[in-house]
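S.K.: Got a file for you: data.cif, mmCIF, C-alpha atoms.
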data_my_file
#
loop_
_atom_site.group_PDB
_atom_site.id
_atom_site.type_symbol
_atom_site.label_atom_id
_atom_site.label_comp_id
_atom_site.auth_asym_id
_atom_site.auth_seq_id
_atom_site.Cartn_x
_atom_site.Cartn_y
_atom_site.Cartn_z
ATOM 1 C CA MET A 1 222.655 190.473 -141.950
ATOM 2 C CA THR A 2 219.452 192.468 -142.380
ATOM 3 C CA VAL A 3 217.630 192.908 -139.146
ATOM 4 C CA LYS A 4 215.086 195.547 -140.095
ATOM 5 C CA THR A 5 212.217 195.860 -142.593
ATOM 6 C CA GLU A 6 210.075 198.805 -143.671
ATOM 7 C CA TYR A 7 206.516 198.833 -142.348
ATOM 8 C CA LEU A 8 204.143 201.820 -142.650
ATOM 9 C CA ASN A 9 207.079 204.189 -143.197
ATOM 10 C CA GLN A 10 208.806 202.960 -140.034
ATOM 11 C CA THR A 11 211.785 200.669 -139.685
ATOM 12 C CA VAL A 12 210.733 197.504 -137.866
ATOM 13 C CA VAL A 13 213.146 195.021 -136.315
ATOM 14 C CA SER A 14 212.824 191.526 -137.806
ATOM 15 C CA HIS A 15 215.640 189.886 -135.807
ATOM 16 C CA PHE A 16 217.249 190.304 -132.419
ATOM 17 C CA PHE A 17 220.819 189.668 -131.328
ATOM 18 C CA LEU A 18 221.312 187.958 -127.970
ATOM 19 C CA GLU A 19 224.476 189.250 -126.327
ATOM 20 C CA GLY A 20 224.699 186.218 -124.042
ATOM 21 C CA LEU A 21 226.237 185.823 -120.623
ATOM 22 C CA MET A 22 229.082 187.910 -119.253
ATOM 23 C CA TYR A 23 232.573 186.362 -119.495
ATOM 24 C CA THR A 24 231.467 183.439 -121.688
ATOM 25 C CA ALA A 25 232.862 185.068 -124.846
ATOM 26 C CA GLU A 26 236.394 184.850 -123.423
ATOM 27 C CA HIS A 27 236.318 181.030 -123.274
ATOM 28 C CA PRO A 28 233.452 179.916 -125.536
ATOM 29 C CA GLY A 29 234.673 176.325 -125.887
ATOM 30 C CA LEU A 30 234.925 175.817 -122.142
ATOM 31 C CA PHE A 31 231.477 177.248 -121.469
ATOM 32 C CA PHE A 32 229.958 175.318 -124.371
ATOM 33 C CA PHE A 33 231.018 172.000 -122.834
ATOM 34 C CA LEU A 34 229.996 173.214 -119.370
ATOM 35 C CA PHE A 35 226.466 174.038 -120.548
ATOM 36 C CA LEU A 36 226.370 170.816 -122.561
ATOM 37 C CA LEU A 37 227.205 168.864 -119.403
ATOM 38 C CA ILE A 38 224.604 170.743 -117.340
ATOM 39 C CA TYR A 39 221.942 170.290 -120.012
ATOM 40 C CA SER A 40 222.695 166.574 -120.382
ATOM 41 C CA ILE A 41 222.495 166.036 -116.618
ATOM 42 C CA THR A 42 219.264 168.045 -116.440
ATOM 43 C CA VAL A 43 217.469 166.163 -119.198
ATOM 44 C CA THR A 44 218.766 162.738 -118.114
ATOM 45 C CA GLY A 45 218.011 163.295 -114.421
ATOM 46 C CA ASN A 46 214.506 164.622 -114.965
ATOM 47 C CA LEU A 47 213.749 161.945 -117.549
ATOM 48 C CA LEU A 48 214.790 159.273 -115.042
ATOM 49 C CA ILE A 49 212.493 160.776 -112.401
ATOM 50 C CA LEU A 50 209.658 160.957 -114.927
ATOM 51 C CA LEU A 51 210.137 157.315 -115.969
ATOM 52 C CA THR A 52 210.459 156.178 -112.361
ATOM 53 C CA VAL A 53 207.258 157.903 -111.300
ATOM 54 C CA GLY A 54 205.444 156.702 -114.395
ATOM 55 C CA PHE A 55 206.405 153.019 -114.259
ATOM 56 C CA ASP A 56 206.949 152.190 -110.591
ATOM 57 C CA PRO A 57 203.719 150.908 -108.957
ATOM 58 C CA HIS A 58 204.979 151.960 -105.507
ATOM 59 C CA LEU A 59 204.973 155.640 -106.467
ATOM 60 C CA ARG A 60 201.276 156.227 -107.037
ATOM 61 C CA SER A 61 200.593 158.885 -104.422
ATOM 62 C CA PRO A 62 199.659 162.453 -105.506
ATOM 63 C CA MET A 63 203.067 163.726 -104.348
ATOM 64 C CA TYR A 64 204.823 161.614 -106.985
ATOM 65 C CA HIS A 65 202.246 162.509 -109.607
ATOM 66 C CA PHE A 66 203.113 166.171 -109.099
ATOM 67 C CA LEU A 67 206.821 165.315 -109.041
ATOM 68 C CA GLY A 68 206.438 163.815 -112.509
ATOM 69 C CA HIS A 69 204.945 167.083 -113.754
ATOM 70 C CA LEU A 70 207.790 169.022 -112.125
ATOM 71 C CA SER A 71 210.431 166.865 -113.798
ATOM 72 C CA PHE A 72 208.824 167.374 -117.204
ATOM 73 C CA LEU A 73 208.626 171.135 -116.620
ATOM 74 C CA ASP A 74 212.293 171.320 -115.567
ATOM 75 C CA ALA A 75 213.469 169.434 -118.650
ATOM 76 C CA CYS A 76 211.408 171.691 -120.929
ATOM 77 C CA LEU A 77 212.404 174.897 -119.131
ATOM 78 C CA SER A 78 216.074 174.090 -119.588
ATOM 79 C CA THR A 79 215.459 173.224 -123.259
ATOM 80 C CA VAL A 80 213.936 176.649 -123.907
ATOM 81 C CA THR A 81 217.141 178.507 -122.973
ATOM 82 C CA VAL A 82 220.251 176.304 -122.869
ATOM 83 C CA PRO A 83 220.463 175.122 -126.524
ATOM 84 C CA LYS A 84 220.270 178.733 -127.742
ATOM 85 C CA VAL A 85 222.991 179.767 -125.285
ATOM 86 C CA MET A 86 225.178 176.923 -126.600
ATOM 87 C CA ALA A 87 224.487 177.919 -130.219
ATOM 88 C CA GLY A 88 225.631 181.456 -129.438
ATOM 89 C CA LEU A 89 228.907 180.105 -128.085
ATOM 90 C CA VAL A 90 229.634 178.202 -131.296
ATOM 91 C CA THR A 91 228.901 180.817 -133.989
ATOM 92 C CA LEU A 92 227.913 184.474 -134.178
ATOM 93 C CA ASP A 93 224.804 183.492 -136.141
ATOM 94 C CA GLY A 94 223.782 181.397 -133.152
ATOM 95 C CA LYS A 95 223.176 184.591 -131.212
ATOM 96 C CA VAL A 96 220.633 185.802 -133.774
ATOM 97 C CA ILE A 97 216.966 185.059 -133.134
ATOM 98 C CA SER A 98 214.026 186.074 -135.314
ATOM 99 C CA PHE A 99 211.263 188.326 -134.027
ATOM 100 C CA GLN A 100 208.823 185.391 -134.085
ATOM 101 C CA GLY A 101 211.408 183.116 -132.474
ATOM 102 C CA CYS A 102 211.937 185.630 -129.688
ATOM 103 C CA ALA A 103 208.196 185.823 -129.064
ATOM 104 C CA ALA A 104 207.967 182.024 -129.013
ATOM 105 C CA GLN A 105 210.888 181.720 -126.590
ATOM 106 C CA LEU A 106 209.428 184.348 -124.258
ATOM 107 C CA TYR A 107 206.019 182.659 -124.325
ATOM 108 C CA CYS A 108 207.401 179.172 -123.686
ATOM 109 C CA PHE A 109 209.657 180.372 -120.904
ATOM 110 C CA HIS A 110 206.926 182.204 -118.992
ATOM 111 C CA PHE A 111 204.422 179.436 -119.664
ATOM 112 C CA LEU A 112 206.715 176.815 -118.135
ATOM 113 C CA ALA A 113 208.072 179.045 -115.347
ATOM 114 C CA SER A 114 204.647 180.230 -114.185
ATOM 115 C CA THR A 115 203.225 176.694 -114.404
ATOM 116 C CA GLU A 116 206.086 175.528 -112.186
ATOM 117 C CA CYS A 117 205.326 178.341 -109.752
ATOM 118 C CA PHE A 118 201.690 177.208 -109.460
ATOM 119 C CA LEU A 119 202.763 173.574 -109.226
ATOM 120 C CA TYR A 120 204.987 174.295 -106.212
ATOM 121 C CA THR A 121 201.926 175.791 -104.504
ATOM 122 C CA VAL A 122 199.832 172.718 -105.278
ATOM 123 C CA MET A 123 202.620 170.468 -103.962
ATOM 124 C CA ALA A 124 202.703 172.441 -100.704
ATOM 125 C CA TYR A 125 198.928 172.049 -100.384
ATOM 126 C CA ASP A 126 199.307 168.321 -100.996
ATOM 127 C CA ARG A 127 201.879 168.042 -98.184
ATOM 128 C CA TYR A 128 199.604 170.072 -95.907
ATOM 129 C CA LEU A 129 196.706 167.674 -96.452
ATOM 130 C CA ALA A 130 198.906 164.576 -96.103
ATOM 131 C CA ILE A 131 200.453 165.653 -92.780
ATOM 132 C CA CYS A 132 197.828 167.874 -91.170
ATOM 133 C CA GLN A 133 194.710 165.987 -92.290
ATOM 134 C CA PRO A 134 195.854 162.404 -92.919
ATOM 135 C CA LEU A 135 192.399 160.854 -92.387
ATOM 136 C CA HIS A 136 190.792 163.088 -95.016
ATOM 137 C CA TYR A 137 193.772 162.990 -97.397
ATOM 138 C CA PRO A 138 192.670 160.015 -99.583
ATOM 139 C CA VAL A 139 189.321 161.691 -100.247
ATOM 140 C CA ALA A 140 190.511 165.305 -100.458
ATOM 141 C CA MET A 141 193.349 164.419 -102.854
ATOM 142 C CA ASN A 142 191.809 161.617 -104.901
ATOM 143 C CA ARG A 143 192.876 160.868 -108.460
ATOM 144 C CA ARG A 144 190.308 163.198 -110.008
ATOM 145 C CA VAL A 145 191.241 166.146 -107.767
ATOM 146 C CA CYS A 146 194.923 165.454 -108.318
ATOM 147 C CA ALA A 147 194.546 165.493 -112.121
ATOM 148 C CA GLY A 148 192.385 168.623 -111.933
ATOM 149 C CA LEU A 149 194.925 170.529 -109.850
ATOM 150 C CA ALA A 150 197.799 169.527 -112.133
ATOM 151 C CA GLY A 151 195.818 170.479 -115.246
ATOM 152 C CA SER A 152 194.838 173.810 -113.707
ATOM 153 C CA THR A 153 198.489 174.765 -113.181
ATOM 154 C CA TRP A 154 199.162 174.238 -116.901
ATOM 155 C CA ALA A 155 196.042 176.143 -117.972
ATOM 156 C CA ILE A 156 196.684 179.132 -115.701
ATOM 157 C CA GLY A 157 200.331 179.166 -116.770
ATOM 158 C CA ALA A 158 199.279 179.333 -120.425
ATOM 159 C CA VAL A 159 196.917 182.263 -119.783
ATOM 160 C CA HIS A 160 199.529 184.059 -117.677
ATOM 161 C CA SER A 161 202.155 183.728 -120.411
ATOM 162 C CA THR A 162 199.739 184.732 -123.184
ATOM 163 C CA ILE A 163 198.991 188.016 -121.407
ATOM 164 C CA HIS A 164 202.657 188.958 -121.022
ATOM 165 C CA THR A 165 203.700 187.841 -124.499
ATOM 166 C CA SER A 166 200.886 189.718 -126.239
ATOM 167 C CA LEU A 167 201.543 192.883 -124.223
ATOM 168 C CA THR A 168 205.281 192.723 -124.943
ATOM 169 C CA PHE A 169 205.100 192.111 -128.693
ATOM 170 C CA ARG A 170 202.205 194.436 -129.482
ATOM 171 C CA LEU A 171 204.760 197.238 -129.128
ATOM 172 C CA LEU A 172 206.787 198.587 -132.035
ATOM 173 C CA TYR A 173 210.476 197.637 -132.166
ATOM 174 C CA CYS A 174 212.199 199.952 -134.614
ATOM 175 C CA GLY A 175 215.576 200.815 -133.129
ATOM 176 C CA PRO A 176 218.314 198.820 -131.385
ATOM 177 C CA HIS A 177 218.098 195.038 -131.762
ATOM 178 C CA HIS A 178 220.778 193.883 -129.295
ATOM 179 C CA ILE A 179 219.228 192.144 -126.272
ATOM 180 C CA ALA A 180 221.587 192.461 -123.296
ATOM 181 C CA TYR A 181 220.648 189.037 -122.008
ATOM 182 C CA PHE A 182 221.069 185.359 -122.886
ATOM 183 C CA PHE A 183 217.435 184.740 -123.863
ATOM 184 C CA CYS A 184 214.292 186.704 -124.718
ATOM 185 C CA ASP A 185 212.751 187.810 -121.443
ATOM 186 C CA ILE A 186 210.347 190.648 -120.737
ATOM 187 C CA PRO A 187 212.608 193.284 -119.082
ATOM 188 C CA PRO A 188 215.464 193.210 -121.646
ATOM 189 C CA VAL A 189 213.074 193.067 -124.615
ATOM 190 C CA LEU A 190 211.013 196.011 -123.354
ATOM 191 C CA LYS A 191 214.189 198.093 -123.249
ATOM 192 C CA LEU A 192 214.300 197.932 -127.062
ATOM 193 C CA ALA A 193 210.708 199.057 -127.661
ATOM 194 C CA CYS A 194 210.094 202.292 -129.552
ATOM 195 C CA ALA A 195 207.100 203.129 -127.373
ATOM 196 C CA ASP A 196 206.151 203.914 -123.817
ATOM 197 C CA THR A 197 206.502 200.741 -121.742
ATOM 198 C CA THR A 198 205.070 202.100 -118.487
ATOM 199 C CA ILE A 199 201.889 200.034 -118.751
ATOM 200 C CA ASN A 200 203.870 196.895 -119.569
ATOM 201 C CA GLU A 201 206.159 197.382 -116.576
ATOM 202 C CA LEU A 202 203.229 198.042 -114.257
ATOM 203 C CA VAL A 203 201.414 194.942 -115.491
ATOM 204 C CA MET A 204 204.598 192.920 -115.133
ATOM 205 C CA LEU A 205 205.213 194.092 -111.588
ATOM 206 C CA ALA A 206 201.568 193.697 -110.583
ATOM 207 C CA ASN A 207 200.894 190.405 -112.330
ATOM 208 C CA ILE A 208 204.146 188.575 -111.687
ATOM 209 C CA GLY A 209 204.479 190.182 -108.269
ATOM 210 C CA VAL A 210 200.962 189.251 -107.184
ATOM 211 C CA VAL A 211 201.234 185.731 -108.600
ATOM 212 C CA ALA A 212 204.664 185.023 -107.101
ATOM 213 C CA ALA A 213 203.851 186.659 -103.764
ATOM 214 C CA GLY A 214 200.471 184.935 -103.571
ATOM 215 C CA CYS A 215 201.960 181.519 -104.289
ATOM 216 C CA LEU A 216 204.790 182.091 -101.826
ATOM 217 C CA ILE A 217 202.389 183.190 -99.072
ATOM 218 C CA LEU A 218 200.269 180.072 -99.609
ATOM 219 C CA ILE A 219 203.386 177.876 -99.492
ATOM 220 C CA ILE A 220 204.670 179.521 -96.310
ATOM 221 C CA THR A 221 201.231 179.250 -94.688
ATOM 222 C CA SER A 222 201.061 175.556 -95.576
ATOM 223 C CA TYR A 223 204.464 174.930 -94.044
ATOM 224 C CA VAL A 224 203.603 176.798 -90.849
ATOM 225 C CA PHE A 225 200.760 174.335 -90.305
ATOM 226 C CA ILE A 226 202.977 171.433 -91.410
ATOM 227 C CA VAL A 227 205.748 172.267 -88.948
ATOM 228 C CA ALA A 228 203.224 172.649 -86.140
ATOM 229 C CA ALA A 229 201.724 169.251 -86.993
ATOM 230 C CA VAL A 230 205.117 167.546 -87.281
ATOM 231 C CA LEU A 231 206.212 168.845 -83.882
ATOM 232 C CA ARG A 232 203.142 167.181 -82.380
ATOM 233 C CA ILE A 233 204.222 163.762 -83.692
ATOM 234 C CA ARG A 234 205.410 161.746 -80.706
ATOM 235 C CA THR A 235 207.962 159.440 -82.313
ATOM 236 C CA ALA A 236 211.297 160.683 -83.642
ATOM 237 C CA GLU A 237 210.983 158.338 -86.629
ATOM 238 C CA GLY A 238 207.604 159.803 -87.528
ATOM 239 C CA ARG A 239 208.935 163.350 -87.318
ATOM 240 C CA GLN A 240 211.956 162.465 -89.441
ATOM 241 C CA ARG A 241 209.808 160.832 -92.112
ATOM 242 C CA ALA A 242 207.463 163.812 -92.265
ATOM 243 C CA PHE A 243 210.321 166.311 -92.481
ATOM 244 C CA SER A 244 212.111 164.281 -95.172
ATOM 245 C CA THR A 245 209.094 164.401 -97.480
ATOM 246 C CA CYS A 246 208.803 168.173 -97.052
ATOM 247 C CA SER A 247 212.436 169.302 -96.918
ATOM 248 C CA ALA A 248 213.093 168.503 -100.575
ATOM 249 C CA HIS A 249 210.087 170.539 -101.719
ATOM 250 C CA LEU A 250 210.954 173.442 -99.436
ATOM 251 C CA THR A 251 214.550 173.448 -100.722
ATOM 252 C CA VAL A 252 213.582 173.686 -104.398
ATOM 253 C CA VAL A 253 210.984 176.367 -103.588
ATOM 254 C CA LEU A 254 213.669 178.562 -102.013
ATOM 255 C CA LEU A 255 216.037 177.959 -104.940
ATOM 256 C CA TYR A 256 213.274 178.792 -107.410
ATOM 257 C CA TYR A 257 211.761 181.919 -105.854
ATOM 258 C CA MET A 258 214.788 183.952 -104.794
ATOM 259 C CA PRO A 259 216.364 184.740 -108.227
ATOM 260 C CA PRO A 260 213.149 185.904 -109.981
ATOM 261 C CA VAL A 261 212.530 188.402 -107.195
ATOM 262 C CA CYS A 262 215.855 190.051 -108.072
ATOM 263 C CA ILE A 263 214.932 190.167 -111.774
ATOM 264 C CA TYR A 264 211.256 191.068 -112.115
ATOM 265 C CA LEU A 265 210.905 193.427 -109.177
ATOM 266 C CA GLN A 266 213.824 195.472 -110.573
ATOM 267 C CA PRO A 267 213.276 195.449 -114.367
ATOM 268 C CA SER A 268 215.764 198.277 -114.898
ATOM 269 C CA SER A 269 218.605 196.108 -113.613
ATOM 270 C CA THR A 270 218.704 193.844 -116.671
ATOM 271 C CA GLY A 271 221.956 193.487 -118.551
ATOM 272 C CA ALA A 272 224.797 191.101 -119.114
ATOM 273 C CA GLY A 273 225.687 191.130 -115.446
ATOM 274 C CA ALA A 274 222.070 190.607 -114.383
ATOM 275 C CA GLY A 275 222.018 187.202 -116.061
ATOM 276 C CA ALA A 276 223.536 185.411 -113.062
ATOM 277 C CA PRO A 277 220.283 185.128 -111.040
ATOM 278 C CA ALA A 278 218.422 183.962 -114.162
ATOM 279 C CA VAL A 279 221.067 181.302 -114.856
ATOM 280 C CA PHE A 280 220.488 179.908 -111.409
ATOM 281 C CA TYR A 281 216.757 179.283 -111.676
ATOM 282 C CA THR A 282 216.565 178.590 -115.431
ATOM 283 C CA ILE A 283 219.617 176.328 -115.775
ATOM 284 C CA ILE A 284 221.047 175.307 -112.381
ATOM 285 C CA THR A 285 217.840 174.648 -110.407
ATOM 286 C CA PRO A 286 216.335 172.278 -113.042
ATOM 287 C CA MET A 287 219.585 170.302 -112.867
ATOM 288 C CA LEU A 288 219.581 170.163 -109.046
ATOM 289 C CA ASN A 289 215.928 169.188 -108.558
ATOM 290 C CA PRO A 290 216.328 165.468 -109.419
ATOM 291 C CA PHE A 291 219.274 165.188 -107.016
ATOM 292 C CA ILE A 292 217.415 167.002 -104.230
ATOM 293 C CA TYR A 293 214.372 164.759 -104.517
ATOM 294 C CA THR A 294 216.318 161.495 -104.832
ATOM 295 C CA LEU A 295 218.896 162.182 -102.123
ATOM 296 C CA ARG A 296 216.216 163.143 -99.596
ATOM 297 C CA ASN A 297 213.635 160.502 -100.496
ATOM 298 C CA LYS A 298 214.248 156.800 -99.825
ATOM 299 C CA GLU A 299 211.216 155.697 -101.840
ATOM 300 C CA VAL A 300 212.446 157.463 -104.978
ATOM 301 C CA LYS A 301 215.965 156.056 -104.536
ATOM 302 C CA GLN A 302 214.603 152.530 -104.180
ATOM 303 C CA ALA A 303 212.346 152.993 -107.196
ATOM 304 C CA LEU A 304 215.297 154.276 -109.257
ATOM 305 C CA ARG A 305 217.299 151.169 -108.329
ATOM 306 C CA ARG A 306 214.420 148.944 -109.409
ATOM 307 C CA LEU A 307 214.116 150.849 -112.680
ATOM 308 C CA VAL A 308 217.848 150.573 -113.439
ATOM 309 C CA CYS A 309 217.956 146.871 -112.489
ATOM 310 C CA ARG A 310 215.028 146.189 -114.793
ATOM 311 C CA GLY A 311 216.776 147.983 -117.627
ATOM 312 C CA PHE A 312 213.892 150.434 -117.947
#
Could the structure of this file be written out as structure tokens, please?
M.R.:
Amino acid sequence: MTVKTEYLNQTVVSHFFLEGLMYTAEHPGLFFFLFLLIYSITVTGNLLILLTVGFDPHLRSPMYHFLGHLSFLDACLSTVTVPKVMAGLVTLDGKVISFQGCAAQLYCFHFLASTECFLYTVMAYDRYLAICQPLHYPVAMNRRVCAGLAGSTWAIGAVHSTIHTSLTFRLLYCGPHHIAYFFCDIPPVLKLACADTTINELVMLANIGVVAAGCLILIITSYVFIVAAVLRIRTAEGRQRAFSTCSAHLTVVLLYYMPPVCIYLQPSSTGAGAGAPAVFYTIITPMLNPFIYTLRNKEVKQALRRLVCRGF
């Protein structure tokens, strides 16, 4: 298979080869069905949450509006990576991805992942207003504000991804074409560039680092105020209800933020063995989110029962 073309007297890569995840090549059939099961659960679970939030009249608060966005993001994020991983387990050609396809995958991944990062911050702010300022909450988080915040996360995510994608693929790729990873991400792709990538790595560390750290600081700050407010609630039932609405969000935030820190703050550590943290937040976390939110939220569980009983 030809993977290079001549351009201005230089050999330019036209395709990349995704090496995939470590150990999966030894039992491709087993891992194919494993990823198929995970992907099916992810899409089905998040679709159920999305339908429940969309059709149940009891779930009209901003928290559930944002949860609907999160479910859609999780389903899409998993779709960006998992089908290509499964294709690579079936045939060798499934590991091949065109230059344009690689750029599209990288853009979509960072668009969805960064949007989800901003959405978690907005959800923390929503919980802060609901618990710490309950009297002002209906006005501060009205339908217009809620829609504006959700739309802003998508818009900022698109700009964030455009910057990284354009910086990554403006470089010349003229040498090796094997990506030591299971999808096109910035650190492993930059390793193949036939140019100095210092600026790209600095922008990646500064941009992603500042964005992730800024969002995480805002989330932690929100929860400091939330915990202080919850502890002031006199009844045990009130405290339990407040904690139950926040514990699910805090759980998925921890699951989401820890793996990327290992990846993007140490870009030189990419490789087949470095795929494990990425698998967790790109494949496992989107599958777990529907379970975390339903198991810890009585309103969502009741709404799911009503949806199933109605036959959608």
S.K.: Identify the residues within 12 Å of coordinate (205.3, 163.8, -112.5) (same frame as the file), considering only C-alpha atoms, and give the answer as an MDAnalysis selection string.
M.R.: chainID A and resid 46:56 59:75 116 119 123 146:147 150:151 290
S.K.: Find the distance between atom CA of A:Glu26 and atom CA of A:Pro188 and write it in Å to one decimal.
M.R.: 22.6 Å
S.K.: Please list as a short mmCIF file (atom, residue, chain, number, x, y, z; two decimals) with C-alpha atoms, in the frame of the given file every residue within 12 Å of A:Leu89, counting all atoms listed in the file and excluding residues in the same chain fewer than 6 positions away.
M.R.:
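The resulting file, out-v3.cif, is shown below:
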data_model
loop_
_atom_site.label_atom_id
_atom_site.label_comp_id
_atom_site.auth_asym_id
_atom_site.auth_seq_id
_atom_site.Cartn_x
_atom_site.Cartn_y
_atom_site.Cartn_z
CA LEU A 18 221.31 187.96 -127.97
CA GLU A 19 224.48 189.25 -126.33
CA GLY A 20 224.70 186.22 -124.04
CA LEU A 21 226.24 185.82 -120.62
CA MET A 22 229.08 187.91 -119.25
CA TYR A 23 232.57 186.36 -119.50
CA THR A 24 231.47 183.44 -121.69
CA ALA A 25 232.86 185.07 -124.85
CA GLU A 26 236.39 184.85 -123.42
CA HIS A 27 236.32 181.03 -123.27
CA PRO A 28 233.45 179.92 -125.54
CA GLY A 29 234.67 176.32 -125.89
CA LEU A 30 234.92 175.82 -122.14
CA PHE A 31 231.48 177.25 -121.47
CA PHE A 32 229.96 175.32 -124.37
CA PHE A 33 231.02 172.00 -122.83
CA LEU A 34 230.00 173.21 -119.37
CA PHE A 35 226.47 174.04 -120.55
CA LEU A 36 226.37 170.82 -122.56
CA VAL A 82 220.25 176.30 -122.87
CA PRO A 83 220.46 175.12 -126.52
CA LYS A 95 223.18 184.59 -131.21
CA VAL A 96 220.63 185.80 -133.77
CA PHE A 182 221.07 185.36 -122.89
#
S.K.: What does the structure give for the distance between atom CA of A:Cys117 and atom CA of A:Cys246, in Å to one decimal?
M.R.: 16.6 Å
S.K.: Take the PyMOL selection byres ((chain A and resi 252) around 9), apply it to the structure above, and return the hits as an mmCIF file with C-alpha atoms, keeping the file's coordinate frame.
M.R.:
data_model
loop_
_atom_site.group_PDB
_atom_site.id
_atom_site.type_symbol
_atom_site.label_atom_id
_atom_site.label_comp_id
_atom_site.auth_asym_id
_atom_site.auth_seq_id
_atom_site.Cartn_x
_atom_site.Cartn_y
_atom_site.Cartn_z
ATOM 1 C CA TYR A 120 204.987 174.295 -106.212
ATOM 2 C CA SER A 247 212.436 169.302 -96.918
ATOM 3 C CA ALA A 248 213.093 168.503 -100.575
ATOM 4 C CA HIS A 249 210.087 170.539 -101.719
ATOM 5 C CA LEU A 250 210.954 173.442 -99.436
ATOM 6 C CA THR A 251 214.550 173.448 -100.722
ATOM 7 C CA VAL A 253 210.984 176.367 -103.588
ATOM 8 C CA LEU A 254 213.669 178.562 -102.013
ATOM 9 C CA LEU A 255 216.037 177.959 -104.940
ATOM 10 C CA TYR A 256 213.274 178.792 -107.410
ATOM 11 C CA TYR A 257 211.761 181.919 -105.854
ATOM 12 C CA THR A 285 217.840 174.648 -110.407
ATOM 13 C CA LEU A 288 219.581 170.163 -109.046
ATOM 14 C CA ASN A 289 215.928 169.188 -108.558
ATOM 15 C CA ILE A 292 217.415 167.002 -104.230
ATOM 16 C CA TYR A 293 214.372 164.759 -104.517
#
S.K.: Please write the residues picked by the PyMOL selection byres ((chain A and resi 282) around 12) on this file as an MDAnalysis selection string.
M.R.: chainID A and resid 38:39 42 73:82 85 109:110 112:113 116 182:183 185 255:257 259:260 275:281 283:289
S.K.: Report, as AutoDock Vina command-line options, the centre and edge lengths in Å (one decimal) of the axis-aligned box enclosing every listed atom of stretch 111-129 of chain A, padded by 8 Å on each side.
M.R.:
--center_x 202.4 --center_y 174.0 --center_z -107.8 --size_x 27.4 --size_y 28.6 --size_z 39.8
S.K.: Ranking A:Ala103, A:Ala180, A:Leu190, A:Ala155 by minimum distance to A:Ser14 and counting all atoms listed in the file, which one comes first?
M.R.: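 Going through A:Ala103, A:Ala180, A:Leu190, A:Ala155 one by one, the smallest distance to A:Ser14 is for A:Ala103.
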S.K.: Which residue out of A:Tyr128, A:Tyr223, A:Phe99, A:Phe118 has the minimum interatomic distance to A:His178 when all atoms listed in the file are used?
M.R.: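 Using all atoms listed in the file, the shortest distance to A:His178 belongs to A:Phe99.
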S.K.: So what do you get for atom CA of A:Ala104 versus atom CA of A:Val211, distance-wise?
M.R.: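 Pair atom CA of A:Ala104 / atom CA of A:Val211 returns 21.8 Å.
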S.K.: List as a count of residues only the protein and nucleic acid residues near A:Ala229, meaning an atom at most 10 Å away when only C-alpha atoms are counted, but skip any in the same chain fewer than 4 places from it.
M.R.: 10
S.K.: Please evaluate the PyMOL selection byres ((chain A and resi 169) around 12) against the displayed coordinates and give the resulting residues as JSON, numbers by chain.
M.R.: {"A": [13, 14, 99, 100, 101, 102, 103, 104, 106, 107, 162, 163, 164, 165, 166, 167, 168, 170, 171, 172, 173, 184, 185, 186, 189, 190, 192, 193, 194, 195, 197, 200]}
S.K.: Convert the current residue selection to file output with C-alpha atoms, as a PDB file, in the coordinates of the input.
M.R.:
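In the end it all went to again-v6.pdb:
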ATOM      1  CA  VAL A  13     213.146 195.021-136.315  1.00  0.00           C
ATOM      2  CA  SER A  14     212.824 191.526-137.806  1.00  0.00           C
ATOM      3  CA  PHE A  99     211.263 188.326-134.027  1.00  0.00           C
ATOM      4  CA  GLN A 100     208.823 185.391-134.085  1.00  0.00           C
ATOM      5  CA  GLY A 101     211.408 183.116-132.474  1.00  0.00           C
ATOM      6  CA  CYS A 102     211.937 185.630-129.688  1.00  0.00           C
ATOM      7  CA  ALA A 103     208.196 185.823-129.064  1.00  0.00           C
ATOM      8  CA  ALA A 104     207.967 182.024-129.013  1.00  0.00           C
ATOM      9  CA  LEU A 106     209.428 184.348-124.258  1.00  0.00           C
ATOM     10  CA  TYR A 107     206.019 182.659-124.325  1.00  0.00           C
ATOM     11  CA  THR A 162     199.739 184.732-123.184  1.00  0.00           C
ATOM     12  CA  ILE A 163     198.991 188.016-121.407  1.00  0.00           C
ATOM     13  CA  HIS A 164     202.657 188.958-121.022  1.00  0.00           C
ATOM     14  CA  THR A 165     203.700 187.841-124.499  1.00  0.00           C
ATOM     15  CA  SER A 166     200.886 189.718-126.239  1.00  0.00           C
ATOM     16  CA  LEU A 167     201.543 192.883-124.223  1.00  0.00           C
ATOM     17  CA  THR A 168     205.281 192.723-124.943  1.00  0.00           C
ATOM     18  CA  ARG A 170     202.205 194.436-129.482  1.00  0.00           C
ATOM     19  CA  LEU A 171     204.760 197.238-129.128  1.00  0.00           C
ATOM     20  CA  LEU A 172     206.787 198.587-132.035  1.00  0.00           C
ATOM     21  CA  TYR A 173     210.476 197.637-132.166  1.00  0.00           C
ATOM     22  CA  CYS A 184     214.292 186.704-124.718  1.00  0.00           C
ATOM     23  CA  ASP A 185     212.751 187.810-121.443  1.00  0.00           C
ATOM     24  CA  ILE A 186     210.347 190.648-120.737  1.00  0.00           C
ATOM     25  CA  VAL A 189     213.074 193.067-124.615  1.00  0.00           C
ATOM     26  CA  LEU A 190     211.013 196.011-123.354  1.00  0.00           C
ATOM     27  CA  LEU A 192     214.300 197.932-127.062  1.00  0.00           C
ATOM     28  CA  ALA A 193     210.708 199.057-127.661  1.00  0.00           C
ATOM     29  CA  CYS A 194     210.094 202.292-129.552  1.00  0.00           C
ATOM     30  CA  ALA A 195     207.100 203.129-127.373  1.00  0.00           C
ATOM     31  CA  THR A 197     206.502 200.741-121.742  1.00  0.00           C
ATOM     32  CA  ASN A 200     203.870 196.895-119.569  1.00  0.00           C
TER      33      ASN A 200
END
S.K.: Identify which of the residues A:Ala236, A:Leu92, A:Ala228, A:Cys215 lies closest to A:Thr121, counting all atoms listed in the file when measuring atom-to-atom distances.
M.R.: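 Answer, going by the shortest atom-to-atom distance: A:Cys215.
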